[in-house]
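Here is the structure we will look at.
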Amino acid sequence: MEQSRGRKKALSGAEKLAARRRGGPEAILERLARLDEELVRLIDQRARLVIELGKSGQPPAGVTFADGTTAAAIDQLAEKYAGALPKQALAAVLREVYSACRALVRPLRVAYLGPPYSFSHLAAIERFGRAVDFNPVGTIAAVFEEVSRGQADYGLVPLENSTDGRVADTLDMFSRMPMRICGTVDMRIHHALLGKCPRSEVQEVYSRPQALSQCRNWLSRHLPGARLVEVTSTTTAAQLAAQKPGAAAVASVQAAVEYGLDVLAENIEDNPWNTTRFAVISRSDAPPRTGHDRTAILFQVEHRPGALAEAMNIFKRNRVNLTWIESFPVPGSDRAYLFFAEMEGHQTDSRLRRAFAALQRKALRMEVLGSFPATTTIG
């Protein structure tokens with residue numbers, strides 16, 4: 001009996017020792033290796049299923065293509081299963097898996113306001129992942145033209161900035177070319193001062209006008225003697241900083257990595273909450289309703305007292321909450337204005353359909369630009 005009790009004690013001690021060993025570094029590394037193999041196996045299974053869906057002829061858009069439901073699905077997964085990894089890191093992993101699997105069925109071509117490693121490029125990567133044929137172009141109009149001609153499946157253009165307001169060129173192109181908004185990317189814009197010389201030796205600072213404007217106070221305090229030079233893009237600025245002695249650039253930290261520059265200062269934007277919202281444009285109809293959607297429209301009313309107030313009253317009567325409204329001149333006209341409006345809800349919602357029907361009867365022009373899932377700010 002005593003021997004039996006002693007054996008039990010010995011077994012209990014051995015179990016404790018084994019438990020400690022299971023938690024040691026070597027055991028953890030073995031478990032990590034097994035998990036890595038399992039991850040690869042599961043990703044391969046997902047890829048094969050996506051290929052199978054692609055062969056079916058009508059695969060769900062959110063699985064293989066890039067409408068707004070894909071980004072919404074990634075956000076929901078990251079929110080639901082967030083644990084040790086930050087939500088943004090988990091979303092980035094999922095986005096690349098989705099992107100790589102989607103490319104097996106139908107590679108996407110995406111036009112954006114370039115060049116590479118501009119903020120538009122970074123926003124396009126956030127939206128589509130890296131397994132995409134990215135097409136950088138020189139102007140916002142060129143992005144619209146690439147999509148309109150079918151040279152790109154999607155385009156990504158800046159829509160508004162929390163510091164500088166609306167992007168007039170984008171709103172103007174919506175008035176000129178029939179295009180649909182099928183998604184948005186809200187990105188926190190963090191500027192850095194990049195260069196190859198110490199900050200004390202910086203004589204010129206290059207960047208886009210908007211970037212220099214967003215860092216105006218920081219630059220005047222820390223580099224009061226430096227000459228500010230406007231260029232076409234933050235990427236061009238980074239290239240110049242890499243080539244010219246005494247030059248620095250206001251650009252992204254990613255541009256520093258790409259062009260071999262030192263980060264002389266980070267987060268130099270005057271407004272720490274500086275955000276740019278980008279629109280994803282396409283020729284296709286709106287993504288399916290998610291329950292957390294936004295809809296954008298373009299309309300023109302008569303140029304007379306009270307005409308705009310009457311239009312706004314239509315939204316009030318139908319309990320439609322407007323989240324943004326902008327006016328801009330009608331191209332080629334004298335004192336005529338178009339209005340760009342964004343609101344809560346999907347264009348298939350009954351209250352929005354009633355409001356649009358009533359507005360159509362009063363407006364000189366009215367177009368639904370699209371519905372898309374509401375997104376959270378990245379960065």
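Identifiers in this document derive from the order of the structure tokens: chains are assigned A, B, ..., residues are numbered from 1 separately in each chain, and ligands are numbered from 1 in order of occurrence.
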
If we count only C-alpha atoms and set the cut-off at 6 Å, which residues sit around segment 223-233 of chain A, ignoring sequence neighbours fewer than 6 positions away in its own chain? Please answer as a PyMOL selection string.
chain A and resi 203-209

Spatial neighbours of Gly129 of chain A, max dist 8 Å, only C-alpha atoms, sep filter under 3 positions, as a PyMOL selection string:
chain A and resi 95-96+98-100+124-126+132

Return the single residue from A:His346, A:Arg283, A:Arg166, A:Arg365 that is closest to Gln300 of chain A, with distances computed using only C-alpha atoms.
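For Gln300 of chain A, the nearest of the given residues is A:Arg365.
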
Mind the document's chain letters and residue numbers, and return as number ranges by chain the residues of segment 144-264 of chain A that DSSP labels strand (DSSP E).
A: 154-161, 165-166, 180-188, 192-195, 204-207, 227-230, 247-251, 262-264

Taking the chain letters and numbering used in this document, name the residues of segment 59-214 of chain A that DSSP puts in alpha helix (DSSP H), as number ranges by chain.
A: 61-64, 68-81, 87-105, 119-128, 140-148, 168-176, 209-214

Could you tell me how far atom CA of Ala241 of chain A lies from atom CA of Gln254 of chain A, in Å and to one decimal?
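Distance between the two atoms: 14.3 Å.
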
I'd like the interatomic distance between atom CA of Leu338 of chain A and atom CA of Val368 of chain A, to a tenth of an Å.
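Atom CA of Leu338 of chain A sits 13.2 Å away from atom CA of Val368 of chain A.
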
Selected residue, from A:Leu193, A:Ala311, A:Met343, A:Ile325, that lies nearest to Ala363 of chain A when counting only C-alpha atoms:
A:Ala311

Quick one: of A:Arg294, A:Arg277, A:Arg354, A:Arg176, who's nearest to Ile314 of chain A, counting only C-alpha atoms?
A:Arg354

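When only C-alpha atoms are used to measure the gap to Phe128 of chain A, the shortest distance among A:Val280, A:Ala78, A:Leu49, A:Ile268 belongs to A:Val280.
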
What's around Gly260 of chain A at 12 Å? Count only C-alpha atoms, leave out sequence neighbours fewer than 5 positions away in its own chain, and write the answer as a list in words.
Leu194, Gly195, Lys196, Ala238, Gln239, Leu240, Ala241, Ala242, Gln243, Val253, Gln254 and Ala255 of chain A

Residue selection dump (all heavy atoms) as a CSV table (one decimal), in the first residue's frame:
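Here's the written file selection.csv:
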chain,number,residue,atom,x,y,z
A,194,LEU,N,12.5,63.1,-43.9
A,194,LEU,CA,13.5,62.1,-44.4
A,194,LEU,C,14.7,62.8,-45.0
A,194,LEU,O,14.6,63.9,-45.7
A,194,LEU,CB,12.9,61.2,-45.4
A,194,LEU,CG,11.5,60.6,-45.1
A,194,LEU,CD1,11.0,59.8,-46.3
A,194,LEU,CD2,11.5,59.9,-43.8
A,195,GLY,N,15.9,62.2,-44.9
A,195,GLY,CA,17.1,62.8,-45.5
A,195,GLY,C,18.3,61.9,-45.3
A,195,GLY,O,18.2,60.9,-44.6
A,196,LYS,N,19.4,62.4,-45.9
A,196,LYS,CA,20.7,61.7,-45.7
A,196,LYS,C,21.7,62.5,-44.9
A,196,LYS,O,22.8,62.0,-44.7
A,196,LYS,CB,21.2,61.3,-47.1
A,196,LYS,CG,20.6,60.1,-47.8
A,196,LYS,CD,21.4,59.6,-48.9
A,196,LYS,CE,20.9,58.2,-49.4
A,196,LYS,NZ,21.7,57.7,-50.4
A,238,ALA,N,11.1,62.3,-51.9
A,238,ALA,CA,12.0,61.3,-51.3
A,238,ALA,C,13.2,61.1,-52.3
A,238,ALA,O,14.3,61.0,-51.9
A,238,ALA,CB,11.3,60.1,-51.0
A,239,GLN,N,12.9,61.0,-53.6
A,239,GLN,CA,13.9,60.7,-54.6
A,239,GLN,C,14.9,61.9,-54.6
A,239,GLN,O,16.1,61.7,-54.7
A,239,GLN,CB,13.3,60.5,-55.9
A,239,GLN,CG,12.5,59.2,-56.1
A,239,GLN,CD,11.7,59.2,-57.3
A,239,GLN,OE1,11.4,60.2,-57.9
A,239,GLN,NE2,11.4,58.0,-57.8
A,240,LEU,N,14.4,63.1,-54.5
A,240,LEU,CA,15.3,64.3,-54.5
A,240,LEU,C,16.1,64.4,-53.2
A,240,LEU,O,17.3,64.7,-53.3
A,240,LEU,CB,14.5,65.6,-54.6
A,240,LEU,CG,13.8,65.8,-56.0
A,240,LEU,CD1,12.8,66.9,-55.9
A,240,LEU,CD2,14.9,66.2,-57.0
A,241,ALA,N,15.5,64.0,-52.1
A,241,ALA,CA,16.3,64.0,-50.9
A,241,ALA,C,17.4,63.0,-50.9
A,241,ALA,O,18.4,63.2,-50.2
A,241,ALA,CB,15.3,63.7,-49.7
A,242,ALA,N,17.2,61.9,-51.6
A,242,ALA,CA,18.2,60.9,-51.7
A,242,ALA,C,19.4,61.3,-52.6
A,242,ALA,O,20.5,60.8,-52.5
A,242,ALA,CB,17.6,59.6,-52.2
A,243,GLN,N,19.1,62.3,-53.5
A,243,GLN,CA,20.1,62.7,-54.5
A,243,GLN,C,20.9,64.0,-54.2
A,243,GLN,O,22.0,64.1,-54.5
A,243,GLN,CB,19.4,62.8,-55.9
A,243,GLN,CG,18.8,61.5,-56.4
A,243,GLN,CD,17.9,61.8,-57.6
A,243,GLN,OE1,17.7,62.9,-58.0
A,243,GLN,NE2,17.3,60.7,-58.1
A,253,VAL,N,7.2,57.1,-43.7
A,253,VAL,CA,8.3,56.3,-43.3
A,253,VAL,C,8.6,55.2,-44.2
A,253,VAL,O,9.8,54.8,-44.5
A,253,VAL,CB,8.0,55.7,-41.9
A,253,VAL,CG1,9.0,54.7,-41.4
A,253,VAL,CG2,7.9,56.8,-40.8
A,254,GLN,N,7.6,54.6,-44.9
A,254,GLN,CA,7.8,53.6,-45.9
A,254,GLN,C,8.7,54.1,-47.1
A,254,GLN,O,9.5,53.3,-47.6
A,254,GLN,CB,6.4,53.1,-46.5
A,254,GLN,CG,5.6,52.3,-45.4
A,254,GLN,CD,4.7,53.2,-44.6
A,254,GLN,OE1,5.0,54.4,-44.5
A,254,GLN,NE2,3.6,52.6,-44.1
A,255,ALA,N,8.5,55.4,-47.4
A,255,ALA,CA,9.4,55.9,-48.5
A,255,ALA,C,10.8,56.0,-48.1
A,255,ALA,O,11.7,55.8,-48.9
A,255,ALA,CB,8.9,57.3,-48.8

Contacts of Glu342 of chain A at 6 Å (only C-alpha atoms; same-chain gap of 3+ positions) as JSON, numbers by chain
{"A": [295, 296, 322, 323, 324]}

Between atom CA of Arg41 of chain A and atom CA of Lys55 of chain A, what is the spacing in Å?
21.4 Å

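Omitting segment 155-159 of chain A and its sequence neighbours fewer than 4 positions away, and counting only C-alpha atoms, the residues within 8 Å are Val110, Ala111, Tyr112, Leu113, Ser120, Ala124, Ile140, Val143, Phe144, Glu146, Val147, Arg166, Val167, Thr170, Leu171, Thr276, Arg277, Phe278, Ala279, Val280, Ile281 and Ser282 of chain A.
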
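Nearest-residue note for Glu302 of chain A: choosing from A:Lys87, A:Arg31, A:Arg353, A:Arg361, the minimum distance belongs to A:Arg361, counting only C-alpha atoms.
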
Which residues are close to Ser327 of chain A, i.e. within 8 Å by only C-alpha atoms, leaving aside same-chain residues fewer than 5 positions away? Reply as a ChimeraX atom specification.
/A:337-340
